[in-house]
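Structure file run_21.txt (compact mmCIF, C-alpha atoms and all ligand atoms) is printed below.
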```txt
# COMPACT_ATOMS: atom_id res chain seq x y z
CA MET N 1 -18.49 35.04 38.33
CA LYS N 2 -18.93 36.43 34.85
CA ILE N 3 -16.65 35.45 31.98
CA VAL N 4 -16.50 36.97 28.52
CA THR N 5 -15.07 34.39 26.12
CA ILE N 6 -13.57 35.46 22.81
CA VAL N 7 -13.64 33.02 19.90
CA GLY N 8 -13.31 33.57 16.17
CA ALA N 9 -11.48 30.73 14.43
CA ARG N 10 -12.27 27.02 14.03
CA PRO N 11 -9.85 25.64 16.64
CA GLN N 12 -11.20 28.11 19.20
CA PHE N 13 -14.75 26.83 18.85
CA ILE N 14 -13.44 23.33 19.54
CA LYS N 15 -11.47 24.44 22.62
CA ALA N 16 -14.38 26.56 23.87
CA ALA N 17 -16.62 23.50 23.70
CA ALA N 18 -14.66 21.92 26.58
CA ILE N 19 -15.11 24.91 28.90
CA SER N 20 -18.73 25.52 27.90
CA ARG N 21 -19.58 21.90 28.70
CA ALA N 22 -17.82 22.06 32.09
CA LEU N 23 -19.66 25.31 32.84
CA ARG N 24 -23.00 23.75 31.91
CA GLU N 25 -22.36 20.86 34.31
CA ARG N 26 -21.52 23.29 37.11
CA ARG N 27 -24.60 25.34 36.35
CA GLN N 28 -26.78 22.26 36.59
CA ALA N 29 -25.24 21.51 40.00
CA ALA N 30 -25.19 25.06 41.40
CA GLY N 31 -28.27 26.63 39.80
CA ALA N 32 -28.56 30.39 39.56
CA ALA N 33 -25.42 31.11 41.58
CA ALA N 34 -23.22 29.61 38.90
CA THR N 35 -20.78 31.30 36.56
CA VAL N 36 -22.21 33.20 33.59
CA GLU N 37 -20.43 32.97 30.25
CA CYS N 38 -20.93 35.58 27.55
CA ILE N 39 -19.57 34.32 24.22
CA VAL N 40 -18.21 36.81 21.70
CA HIS N 41 -17.59 35.52 18.16
CA THR N 42 -15.36 37.97 16.34
CA GLY N 43 -16.49 36.64 12.95
CA GLN N 44 -12.94 35.74 11.84
CA HIS N 45 -14.20 32.41 10.47
CA TYR N 46 -17.65 32.70 9.00
CA ASP N 47 -18.44 29.93 6.48
CA ARG N 48 -21.01 27.52 7.85
CA ASN N 49 -18.54 24.61 7.77
CA MET N 50 -15.84 26.72 9.48
CA SER N 51 -18.05 28.06 12.27
CA GLU N 52 -21.76 27.31 12.78
CA VAL N 53 -21.38 23.57 12.35
CA PHE N 54 -19.14 23.42 15.45
CA PHE N 55 -21.58 25.37 17.62
CA GLU N 56 -24.39 23.01 16.60
CA GLU N 57 -22.55 19.71 16.77
CA MET N 58 -20.62 20.48 19.96
CA ASP N 59 -23.48 22.10 21.87
CA ILE N 60 -21.70 25.42 22.28
CA PRO N 61 -24.17 28.15 23.25
CA LYS N 62 -25.01 30.54 20.44
CA PRO N 63 -22.68 33.56 20.67
CA ASP N 64 -24.13 36.51 22.57
CA TYR N 65 -22.32 38.81 20.15
CA ASN N 66 -21.10 38.29 16.58
CA LEU N 67 -18.80 41.13 15.61
CA GLU N 68 -18.70 40.00 11.95
CA ILE N 69 -15.10 41.07 11.46
CA ALA N 70 -13.15 39.00 8.92
CA GLY N 71 -10.58 39.48 6.19
CA GLY N 72 -8.29 42.42 5.51
CA SER N 73 -4.67 42.65 6.59
CA HIS N 74 -3.62 41.39 10.02
CA GLY N 75 -3.47 44.96 11.31
CA GLN N 76 -6.89 45.86 9.94
CA MET N 77 -8.54 42.74 11.28
CA THR N 78 -6.94 43.01 14.72
CA GLY N 79 -7.60 46.74 14.97
CA ARG N 80 -11.26 46.45 14.06
CA MET N 81 -11.68 43.60 16.54
CA LEU N 82 -9.93 45.57 19.29
CA GLU N 83 -12.40 48.42 18.97
CA ALA N 84 -15.44 46.15 18.84
CA VAL N 85 -14.34 43.89 21.73
CA GLU N 86 -13.67 46.95 23.88
CA ALA N 87 -17.26 48.10 23.38
CA VAL N 88 -18.55 44.68 24.46
CA LEU N 89 -16.34 44.65 27.55
CA LEU N 90 -17.52 48.10 28.58
CA GLN N 91 -21.08 46.85 28.29
CA GLU N 92 -20.62 43.45 29.98
CA LYS N 93 -18.07 44.34 32.72
CA PRO N 94 -16.88 40.73 33.23
CA ASP N 95 -14.66 39.41 36.03
CA TRP N 96 -12.53 37.61 33.43
CA LEU N 97 -11.77 37.73 29.75
CA LEU N 98 -11.08 34.22 28.49
CA ILE N 99 -9.01 33.78 25.33
CA TYR N 100 -7.83 30.71 23.43
CA GLY N 101 -4.71 30.02 21.42
CA ASP N 102 -2.96 32.45 19.15
CA THR N 103 -5.17 33.95 16.46
CA ASN N 104 -5.83 37.60 15.68
CA SER N 105 -9.06 37.25 17.70
CA THR N 106 -6.95 36.14 20.70
CA LEU N 107 -4.69 39.17 20.51
CA ALA N 108 -7.52 41.65 19.99
CA GLY N 109 -9.34 40.27 23.04
CA ALA N 110 -6.20 40.36 25.19
CA LEU N 111 -5.37 43.96 24.31
CA ALA N 112 -8.92 45.23 24.74
CA ALA N 113 -9.22 43.69 28.21
CA ALA N 114 -5.74 44.67 29.38
CA LYS N 115 -6.38 48.33 28.54
CA LEU N 116 -9.61 48.24 30.56
CA HIS N 117 -7.84 46.49 33.48
CA ILE N 118 -10.03 43.42 33.08
CA PRO N 119 -7.98 40.34 33.99
CA VAL N 120 -7.15 38.07 31.08
CA ALA N 121 -7.03 34.27 31.30
CA HIS N 122 -5.19 32.60 28.41
CA VAL N 123 -5.94 29.00 27.53
CA GLU N 124 -3.00 27.43 25.66
CA ALA N 125 -0.46 29.82 27.14
CA GLY N 126 3.30 29.39 26.81
CA LEU N 127 3.47 27.74 23.41
CA ARG N 128 6.37 28.90 21.29
CA SER N 129 7.67 28.09 17.82
CA PHE N 130 10.55 30.58 18.21
CA ASN N 131 9.70 31.82 14.72
CA MET N 132 8.65 35.45 14.96
CA ARG N 133 7.64 35.49 11.28
CA MET N 134 4.58 33.44 12.21
CA PRO N 135 1.61 35.71 12.96
CA GLU N 136 0.61 33.25 15.68
CA GLU N 137 3.95 33.61 17.52
CA VAL N 138 3.48 37.38 17.79
CA ASN N 139 -0.12 36.92 18.94
CA ARG N 140 0.71 34.36 21.61
CA ILE N 141 3.71 36.20 23.08
CA LEU N 142 1.74 39.44 23.40
CA ALA N 143 -1.34 37.69 24.77
CA ASP N 144 0.74 35.89 27.40
CA ARG N 145 2.43 39.14 28.39
CA VAL N 146 -0.88 40.76 29.43
CA SER N 147 -2.49 37.65 30.96
CA THR N 148 -3.10 37.25 34.69
CA LEU N 149 -3.74 33.52 34.48
CA LEU N 150 -1.73 31.48 32.01
CA PHE N 151 -3.15 28.01 31.46
CA CYS N 152 -0.40 25.88 29.93
CA PRO N 153 -1.27 22.62 28.15
CA THR N 154 2.19 21.07 28.67
CA SER N 155 5.25 21.29 30.89
CA THR N 156 7.18 22.56 27.85
CA ALA N 157 4.87 25.58 27.77
CA VAL N 158 5.53 26.22 31.47
CA ARG N 159 9.28 26.11 30.81
CA ASN N 160 8.94 28.49 27.86
CA LEU N 161 7.26 31.03 30.11
CA GLN N 162 9.86 30.55 32.85
CA ALA N 163 12.59 31.24 30.28
CA GLU N 164 10.85 34.57 29.57
CA GLY N 165 10.71 35.36 33.29
CA VAL N 166 6.96 34.69 33.55
CA ARG N 167 6.21 32.63 36.67
CA GLU N 168 3.22 34.20 38.36
CA GLY N 169 -0.23 32.91 37.43
CA VAL N 170 1.25 30.04 35.39
CA HIS N 171 -0.55 26.68 35.72
CA ASP N 172 0.04 23.39 33.93
CA VAL N 173 -3.60 22.33 33.57
CA GLY N 174 -3.37 19.93 30.62
CA ASP N 175 -4.83 20.43 27.18
CA VAL N 176 -8.53 21.20 26.69
CA MET N 177 -8.19 19.57 23.27
CA TYR N 178 -7.38 16.31 25.01
CA ASP N 179 -10.58 16.73 27.08
CA VAL N 180 -12.48 17.27 23.84
CA SER N 181 -10.93 14.30 22.06
CA LEU N 182 -11.88 11.95 24.93
CA PHE N 183 -15.47 13.19 24.86
CA TYR N 184 -15.94 12.98 21.08
CA ARG N 185 -13.95 9.88 20.14
CA GLY N 186 -16.82 7.49 20.93
CA LEU N 187 -19.47 9.77 19.45
CA ALA N 188 -17.50 10.03 16.21
CA LEU N 189 -17.34 6.23 15.91
CA GLU N 190 -21.07 6.00 16.59
CA ARG N 191 -22.39 8.86 14.49
CA SER N 192 -20.03 9.78 11.67
CA THR N 193 -20.64 8.17 8.30
CA VAL N 194 -17.79 9.99 6.60
CA LEU N 195 -15.71 6.89 5.81
CA ASP N 196 -18.59 5.32 3.88
CA ALA N 197 -19.45 8.61 2.19
CA LEU N 198 -15.87 8.91 0.93
CA GLN N 199 -15.55 5.16 0.24
CA LEU N 200 -12.54 4.84 2.55
CA THR N 201 -11.39 1.67 4.26
CA GLU N 202 -10.17 1.83 7.86
CA GLY N 203 -6.38 2.05 8.02
CA HIS N 204 -5.96 2.41 4.26
CA TYR N 205 -5.92 6.12 3.60
CA VAL N 206 -3.92 9.18 4.48
CA LEU N 207 -5.60 12.29 5.91
CA ALA N 208 -4.04 15.64 5.02
CA THR N 209 -4.65 19.28 5.94
CA CYS N 210 -2.83 22.46 4.94
CA HIS N 211 -3.59 26.04 5.91
CA ARG N 212 -0.59 27.57 7.68
CA ALA N 213 0.39 30.92 6.08
CA GLU N 214 4.05 29.90 5.81
CA ASN N 215 2.93 27.10 3.44
CA THR N 216 -0.03 28.59 1.60
CA ASP N 217 1.61 31.95 0.95
CA ASP N 218 4.92 30.53 -0.30
CA PRO N 219 4.42 29.14 -3.84
CA LEU N 220 7.43 26.83 -3.57
CA ARG N 221 6.32 25.31 -0.28
CA LEU N 222 2.71 24.98 -1.44
CA ARG N 223 3.84 23.23 -4.64
CA GLY N 224 6.10 20.90 -2.64
CA ILE N 225 3.25 19.79 -0.38
CA VAL N 226 0.85 19.38 -3.32
CA GLU N 227 3.36 17.27 -5.26
CA ALA N 228 4.07 15.07 -2.23
CA LEU N 229 0.35 14.43 -1.65
CA ALA N 230 -0.13 13.63 -5.34
CA VAL N 231 2.70 11.05 -5.21
CA ILE N 232 1.32 9.44 -2.04
CA ALA N 233 -2.16 9.38 -3.61
CA ARG N 234 -0.81 7.02 -6.30
CA GLN N 235 -0.15 4.46 -3.53
CA VAL N 236 -3.07 4.96 -1.13
CA PRO N 237 -6.19 7.21 -1.05
CA VAL N 238 -5.39 10.67 0.29
CA VAL N 239 -8.24 12.81 1.61
CA LEU N 240 -7.74 16.56 1.96
CA PRO N 241 -10.44 18.62 3.72
CA LEU N 242 -9.38 21.93 2.28
CA HIS N 243 -9.29 25.16 4.30
CA PRO N 244 -10.86 28.03 2.27
CA ARG N 245 -7.61 29.98 2.45
CA THR N 246 -5.74 27.12 0.76
CA ARG N 247 -8.44 26.52 -1.83
CA LYS N 248 -8.15 30.15 -2.88
CA LEU N 249 -4.35 30.10 -3.10
CA LEU N 250 -4.21 26.75 -4.91
CA ALA N 251 -6.62 28.15 -7.50
CA GLU N 252 -4.62 31.38 -7.84
CA GLN N 253 -1.41 29.44 -8.39
CA GLY N 254 -3.01 26.96 -10.81
CA LEU N 255 -2.18 24.04 -8.52
CA ILE N 256 -5.56 22.30 -8.17
CA GLY N 257 -4.79 19.98 -11.11
CA ALA N 258 -1.39 19.08 -9.61
CA LEU N 259 -3.18 17.37 -6.72
CA GLY N 260 -3.89 14.44 -9.09
CA ALA N 261 -5.86 11.67 -7.34
CA VAL N 262 -6.04 13.45 -3.97
CA LYS N 263 -9.68 13.52 -2.77
CA VAL N 264 -10.23 17.22 -2.16
CA ILE N 265 -13.25 17.89 0.03
CA ASP N 266 -14.70 20.90 1.84
CA PRO N 267 -13.85 21.36 5.53
CA VAL N 268 -15.67 18.75 7.60
CA SER N 269 -17.47 18.87 10.95
CA PHE N 270 -15.56 17.94 14.10
CA LEU N 271 -17.15 14.48 14.40
CA ASP N 272 -16.26 13.70 10.79
CA MET N 273 -12.73 15.02 11.30
CA VAL N 274 -12.22 12.91 14.42
CA ARG N 275 -13.55 9.87 12.55
CA LEU N 276 -11.17 10.52 9.63
CA GLU N 277 -8.26 10.94 12.05
CA GLN N 278 -9.03 7.83 14.10
CA SER N 279 -8.77 5.38 11.19
CA ALA N 280 -6.11 7.05 9.06
CA GLN N 281 -2.95 5.12 8.27
CA ALA N 282 -1.06 8.40 8.58
CA ILE N 283 -1.73 12.14 8.83
CA VAL N 284 0.10 14.85 6.90
CA THR N 285 -0.64 18.30 8.32
CA ASP N 286 0.57 21.76 9.27
CA SER N 287 -2.25 22.23 11.81
CA GLY N 288 -1.45 22.48 15.49
CA GLY N 289 -4.66 20.80 16.58
CA VAL N 290 -4.43 17.99 14.05
CA GLN N 291 -0.84 17.13 15.09
CA LYS N 292 -2.07 16.55 18.62
CA GLU N 293 -5.19 14.67 17.63
CA ALA N 294 -2.98 12.33 15.54
CA TYR N 295 -1.10 11.62 18.77
CA PHE N 296 -4.28 11.23 20.86
CA PHE N 297 -5.58 8.63 18.39
CA GLY N 298 -2.23 6.86 17.88
CA VAL N 299 -1.79 7.77 14.23
CA PRO N 300 1.71 8.60 12.91
CA CYS N 301 1.97 12.21 11.76
CA LEU N 302 4.16 14.08 9.28
CA THR N 303 4.16 17.81 9.98
CA THR N 304 4.84 19.99 6.95
CA ARG N 305 6.61 22.66 8.95
CA ASP N 306 10.18 23.40 10.05
CA GLU N 307 9.27 23.73 13.72
CA THR N 308 6.38 22.83 16.00
CA GLU N 309 5.00 24.06 19.30
CA TRP N 310 4.01 20.46 20.13
CA VAL N 311 7.56 19.16 20.51
CA GLU N 312 6.50 16.30 22.80
CA THR N 313 4.81 14.50 19.90
CA VAL N 314 8.10 14.62 17.98
CA GLU N 315 10.16 13.51 20.98
CA ALA N 316 7.76 10.59 21.51
CA GLY N 317 8.45 9.49 17.92
CA TRP N 318 4.86 9.87 16.66
CA ASN N 319 5.36 13.12 14.76
CA ARG N 320 8.08 14.10 12.31
CA LEU N 321 8.90 17.56 11.00
CA VAL N 322 9.23 17.18 7.23
CA GLY N 323 9.14 20.75 5.93
CA ALA N 324 7.59 21.29 2.51
CA ASP N 325 9.95 19.56 0.11
CA ALA N 326 8.13 16.89 -1.92
CA ALA N 327 10.93 14.29 -1.91
CA THR N 328 11.46 14.67 1.84
CA ILE N 329 7.76 14.25 2.59
CA VAL N 330 7.39 11.20 0.33
CA GLY N 331 10.58 9.64 1.80
CA ALA N 332 9.31 10.20 5.34
CA TYR N 333 5.95 8.66 4.44
CA ALA N 334 7.73 5.54 3.11
CA GLY N 335 9.69 5.22 6.37
CA LEU N 336 6.79 5.81 8.80
CA GLN N 337 6.80 3.79 11.99
CA ARG N 338 4.50 3.41 14.98
CA PRO N 339 6.46 3.67 18.22
CA ALA N 340 5.56 1.13 20.92
CA ALA N 341 4.79 3.71 23.63
CA ARG N 342 2.43 6.68 23.66
CA PRO N 343 2.80 8.39 27.04
CA LEU N 344 0.14 10.74 28.43
CA LEU N 345 1.54 14.16 27.57
CA TYR N 346 -1.49 16.44 27.61
CA GLY N 347 -3.05 16.02 31.03
CA ASP N 348 -5.78 13.72 32.26
CA GLY N 349 -8.83 14.98 30.36
CA HIS N 350 -9.90 17.42 33.10
CA ALA N 351 -8.18 20.60 31.92
CA ALA N 352 -11.47 22.51 31.60
CA ASP N 353 -12.47 21.80 35.20
CA ARG N 354 -9.06 22.81 36.46
CA ILE N 355 -9.31 26.09 34.52
CA LEU N 356 -12.71 26.91 36.01
CA ASP N 357 -11.49 26.05 39.52
CA LEU N 358 -8.50 28.37 39.13
CA LEU N 359 -10.64 31.22 37.77
CA GLU N 360 -13.02 30.94 40.73
CA GLN N 361 -10.16 30.61 43.22
CA GLN N 362 -8.29 33.65 41.87
CA LEU N 363 -11.48 35.74 41.94
CA ARG N 364 -12.10 34.79 45.58
CA GLN N 365 -8.52 35.79 46.45
CA ASP N 366 -8.90 39.12 44.64
CA VAL N 367 -12.19 39.86 46.41
CA SER N 368 -10.78 39.03 49.85
CA ALA N 369 -7.69 41.18 49.13
CA VAL N 370 -9.96 44.15 48.32
CA THR N 371 -12.21 43.67 51.39
CA ALA N 372 -9.32 42.98 53.83
C1 LIG N 401 -6.42 31.54 11.29
C2 LIG N 401 -5.34 31.79 12.34
C3 LIG N 401 -4.47 30.55 12.48
C4 LIG N 401 -5.31 29.30 12.75
C5 LIG N 401 -6.40 29.18 11.68
C6 LIG N 401 -7.30 28.03 12.03
C7 LIG N 401 -4.54 34.12 12.52
C8 LIG N 401 -3.43 35.05 12.19
N1 LIG N 401 -4.48 32.89 11.94
O1 LIG N 401 -5.77 31.36 10.04
O2 LIG N 401 -3.57 30.72 13.56
O3 LIG N 401 -4.46 28.18 12.69
O4 LIG N 401 -7.17 30.39 11.64
O5 LIG N 401 -7.98 27.56 10.94
O6 LIG N 401 -5.43 34.48 13.25
N2 LIG N 401 -11.81 32.13 4.83
C9 LIG N 401 -13.04 31.87 4.27
N3 LIG N 401 -14.04 31.46 5.10
C10 LIG N 401 -13.88 31.32 6.44
C11 LIG N 401 -12.64 31.61 6.99
C12 LIG N 401 -11.60 32.00 6.18
O7 LIG N 401 -13.22 31.99 3.05
O8 LIG N 401 -14.86 30.93 7.13
C13 LIG N 401 -10.71 32.57 3.92
C14 LIG N 401 -10.76 34.07 3.63
O9 LIG N 401 -10.28 34.25 2.33
C15 LIG N 401 -9.76 34.61 4.62
C16 LIG N 401 -8.70 33.50 4.62
O10 LIG N 401 -9.46 32.30 4.53
O11 LIG N 401 -9.23 35.84 4.25
C17 LIG N 401 -7.81 33.45 5.85
O12 LIG N 401 -8.60 33.46 7.04
P1 LIG N 401 -7.95 34.02 8.40
O13 LIG N 401 -8.92 33.84 9.50
O14 LIG N 401 -7.39 35.36 8.16
O15 LIG N 401 -6.70 33.11 8.62
P2 LIG N 401 -6.57 31.53 8.68
O16 LIG N 401 -5.62 31.11 7.62
O17 LIG N 401 -7.89 30.90 8.73
N1 LIG N 402 -10.87 20.34 11.95
C1 LIG N 402 -12.19 20.05 11.65
N2 LIG N 402 -12.55 19.96 10.31
C2 LIG N 402 -11.64 20.13 9.30
C3 LIG N 402 -10.29 20.41 9.65
C4 LIG N 402 -9.95 20.52 11.00
O1 LIG N 402 -13.04 19.86 12.51
O2 LIG N 402 -12.02 20.05 8.14
C5 LIG N 402 -10.50 20.44 13.38
C6 LIG N 402 -9.38 19.55 13.81
O3 LIG N 402 -9.87 18.27 14.18
C7 LIG N 402 -8.79 20.31 14.99
C8 LIG N 402 -9.00 21.75 14.60
O4 LIG N 402 -10.00 21.76 13.59
O5 LIG N 402 -9.51 20.05 16.18
C9 LIG N 402 -7.74 22.33 14.08
O6 LIG N 402 -8.00 23.58 13.52
P1 LIG N 402 -7.08 24.22 12.39
O7 LIG N 402 -6.27 23.17 11.73
O8 LIG N 402 -7.96 25.05 11.55
O9 LIG N 402 -6.16 25.22 13.23
P2 LIG N 402 -4.87 25.06 14.16
O10 LIG N 402 -5.10 24.00 15.15
O11 LIG N 402 -3.69 24.80 13.26
O12 LIG N 402 -4.74 26.42 14.76
```
Is it possible to give me this structure as C-alpha cells?
Ligand code: UD1
Ligand code: UDP
Amino acid sequence: MKIVTIVGARPQFIKAAAISRALRERRQAAGAAATVECIVHTGQHYDRNMSEVFFEEMDIPKPDYNLEIAGGSHGQMTGRMLEAVEAVLLQEKPDWLLIYGDTNSTLAGALAAAKLHIPVAHVEAGLRSFNMRMPEEVNRILADRVSTLLFCPTSTAVRNLQAEGVREGVHDVGDVMYDVSLFYRGLALERSTVLDALQLTEGHYVLATCHRAENTDDPLRLRGIVEALAVIARQVPVVLPLHPRTRKLLAEQGLIGALGAVKVIDPVSFLDMVRLEQSAQAIVTDSGGVQKEAYFFGVPCLTTRDETEWVETVEAGWNRLVGADAATIVGAYAGLQRPAARPLLYGDGHAADRILDLLEQQLRQDVSAVTA
C-alpha cells in the first residue's frame, strides 16, 4: 500500500507523528512488503520553530516533497497548493491520500486527490464549529465531503457527519493527538528543561496561546485577550509562546506593550510545550490542540472563543468558553475549578493503528471487488 500524506501546519506535523511511528513499527515487523508513506509538506508553516523542529524531535521522516507554498490570501494559497499537490499525485500514484485536520493544506490535498479519483482518508473528520466564517469550518466540511474514509476522533464528530447524511466510511477511531500525548508525556518530563529556563514553578503559572484568525484579526478581541492576560500576569506568571501571525498583528496594532508582565516567548518545540502544559495551573487558549492537551493532562482550560469543536471538554467541566472580553476572562480565571472526574473521551491511545488497519482493509476490499 502506498500513502501520500499531506502536511503543512504545526498541528499536522504532530498528528502525522502518530501515524508515521505506527507505520515504522509495522515496517519493522513486515519488512519490504510494508506500506510506503510519501510525505508532502506544502510549506504553509516554514519557520524552523513552526516546522523543522517537530520533524526532528518527533522522528517524522523528512518530507519527500516540500512545495514551499506559504502566505497570500486563502484562495491564492489553496490554489497554488492544489496545482502543486496534483503534480505530486500524478507522479506518485498512491492508493490513498491522507489528510489531517482543517487547514488550507488539508483542503488543497483533498481537492487534488478527489479530482484524480484517488481515495481520500481524512484524519479528524466530522468536527464542526457551526461557524462558517471560520476558514477551518469551510476546509473541514469540503474535505469530509470528498473523503472515502472519515476517521472521527470523537462520537460527537460521528454524530455531526450523520446529521449531514454522511454515514459510509465513517469510523470512530479515537484521537491521534491522544496517542501522541501518551507517548510524549514521559519524554517531556525527562528531557524538557523549559520550566527552569523560564524560571517557572510547577503549578504556579498560566500558559497561554493565541493564533485563531477570529481573535488576531479583530482588534477588539485581540485587545480583550491581551488585557486579560496582563491582569492575570499581575497575580501569577503568564507564559505566552507566540504564534508568528499573532506577533505580527500585535506589533501592527501597537499591543505588545499592553501585555505588561506576560512572558512572551517564541513558539516552543512539542516536548517543551507538553512540559509547559503538564505543570500549568491553568491554560488560556484558542488552539484546538491545546484545549485537548489541557484535558489530557488534567489542567483547567479557558478557551477564548465563542464555540469549540471539542465540546466534550466543556461538558466534562474542564474547559470553559470565555470569548475575548477581558473582564469575562479574568472573572472565569478567578472562578476556575478542577472537576473530580476526567473520563476517557478521545479513544484508547491506539487511533493510529486503527487508521492503518482500516486503510489496509478498505484497499483489500477494493482490490477484491475489482478482481471479482
Ligand atoms: C493555520 C491554519 C489554522 C491552524 C494553524 C495552526 C488555515 C486557514 N489556518 O493558521 O487552522 O490552527 O495554522 O498553527 O490553514 N507565519 C510565519 N511563519 C510560519 C508560519 C506562519 O511567519 O512558519 C506567519 C505568516 O505571516 C503567515 C501567518 O503567520 O502569513 C499566518 O499563517 P497561515 O499558515 O496562513 O495561518 P495560521 O494562522 O498559521
Ligand atoms: N504547540 C507547540 N508549540 C507551541 C504551541 C503549540 O508544540 O509553541 C503544539 C501544541 O502542543 C499542540 C499543537 O501545537 O499539539 C497545536 O497547534 P496550533 O495551536 O498551532 O493549532 P490548532 O490545534 O489550533 O489547529
Could you please extract the residues within 8 Å of ligand LIG 402 (chain N), counting all atoms listed in the file, and hand them back as a ChimeraX atom specification?
/N:9-12,14,49-50,54,101-103,177,209-212,241-243,266-274,277,286-290,293
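CA of Ser51 in chain N sits 22.8 Å away from CA of Asn215 in chain N.
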Using only C-alpha atoms, pick whichever of N:Ala143, N:Ala18, N:Leu336, N:Ala327 has the shortest atom-to-atom distance to Ile225 in chain N.
N:Ala327
To test the calculation: enclose all listed atoms of range 262-279 of chain N in a box whose edges run along x, y and z, add 3 Å on each side, then state centre and edge lengths in Å to one decimal, as JSON.
```
{"center_x": -11.8, "center_y": 13.4, "center_z": 5.2, "size_x": 17.4, "size_y": 22.0, "size_z": 24.4}
```
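Taking all atoms listed in the file into account, ligand LIG 401 (chain N) lies nearest to N:Gln44 out of the set N:Gln44, N:Gln162, N:Thr154, N:Thr35.
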Selection: 9 Å around Pro135 in chain N, all atoms listed in the file, excl. self and same-chain fewer than 2 positions, as a PDB file with C-alpha atoms, keeping the file's coordinate frame:
```pdb
ATOM      1  CA  HIS N  74      -3.620  41.390  10.020  1.00  0.00           C
ATOM      2  CA  ASP N 102      -2.960  32.450  19.150  1.00  0.00           C
ATOM      3  CA  THR N 103      -5.170  33.950  16.460  1.00  0.00           C
ATOM      4  CA  ASN N 104      -5.830  37.600  15.680  1.00  0.00           C
ATOM      5  CA  MET N 132       8.650  35.450  14.960  1.00  0.00           C
ATOM      6  CA  ARG N 133       7.640  35.490  11.280  1.00  0.00           C
ATOM      7  CA  GLU N 137       3.950  33.610  17.520  1.00  0.00           C
ATOM      8  CA  VAL N 138       3.480  37.380  17.790  1.00  0.00           C
ATOM      9  CA  ASN N 139      -0.120  36.920  18.940  1.00  0.00           C
ATOM     10  CA  ARG N 140       0.710  34.360  21.610  1.00  0.00           C
ATOM     11  CA  ALA N 213       0.390  30.920   6.080  1.00  0.00           C
TER      12      ALA N 213
END
```
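Each of N:Val88, N:Ala70, N:Ile355, N:Ala341 was compared to ligand LIG 401 (chain N) using only C-alpha atoms and all ligand atoms, and N:Ala70 turns out to be the nearest.
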List every protein, DNA or RNA residue with an atom no more than 9 Å from (2.5, 20.1, -2.4) in the file's coordinates, counting only C-alpha atoms, and format the result as a PyMOL selection string.
chain N and resi 220-230+255+258-259+324-326
Separation of CA of Tyr178 in chain N from CA of His41 in chain N, in Å and rounded to one decimal
22.8 Å
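CA of Glu86 in chain N to CA of Asp172 in chain N spans 29.1 Å [interatomic distance, one decimal].
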Please identify all polymer residues lying at most 10 Å from the point (-14.9, 26.7, 37.2) (file coordinates), using only C-alpha atoms, and present the result as a VMD selection string.
chain N and resid 1 19 22 to 23 25 to 27 34 to 35 352 to 361
Using only C-alpha atoms, please write the residues we just selected to a file, as a tab-separated table (two decimals), in the coordinates of the input.
```tsv
chain	number	residue	atom	x	y	z
N	1	MET	CA	-18.49	35.04	38.33
N	19	ILE	CA	-15.11	24.91	28.90
N	22	ALA	CA	-17.82	22.06	32.09
N	23	LEU	CA	-19.66	25.31	32.84
N	25	GLU	CA	-22.36	20.86	34.31
N	26	ARG	CA	-21.52	23.29	37.11
N	27	ARG	CA	-24.60	25.34	36.35
N	34	ALA	CA	-23.22	29.61	38.90
N	35	THR	CA	-20.78	31.30	36.56
N	352	ALA	CA	-11.47	22.51	31.60
N	353	ASP	CA	-12.47	21.80	35.20
N	354	ARG	CA	-9.06	22.81	36.46
N	355	ILE	CA	-9.31	26.09	34.52
N	356	LEU	CA	-12.71	26.91	36.01
N	357	ASP	CA	-11.49	26.05	39.52
N	358	LEU	CA	-8.50	28.37	39.13
N	359	LEU	CA	-10.64	31.22	37.77
N	360	GLU	CA	-13.02	30.94	40.73
N	361	GLN	CA	-10.16	30.61	43.22
```
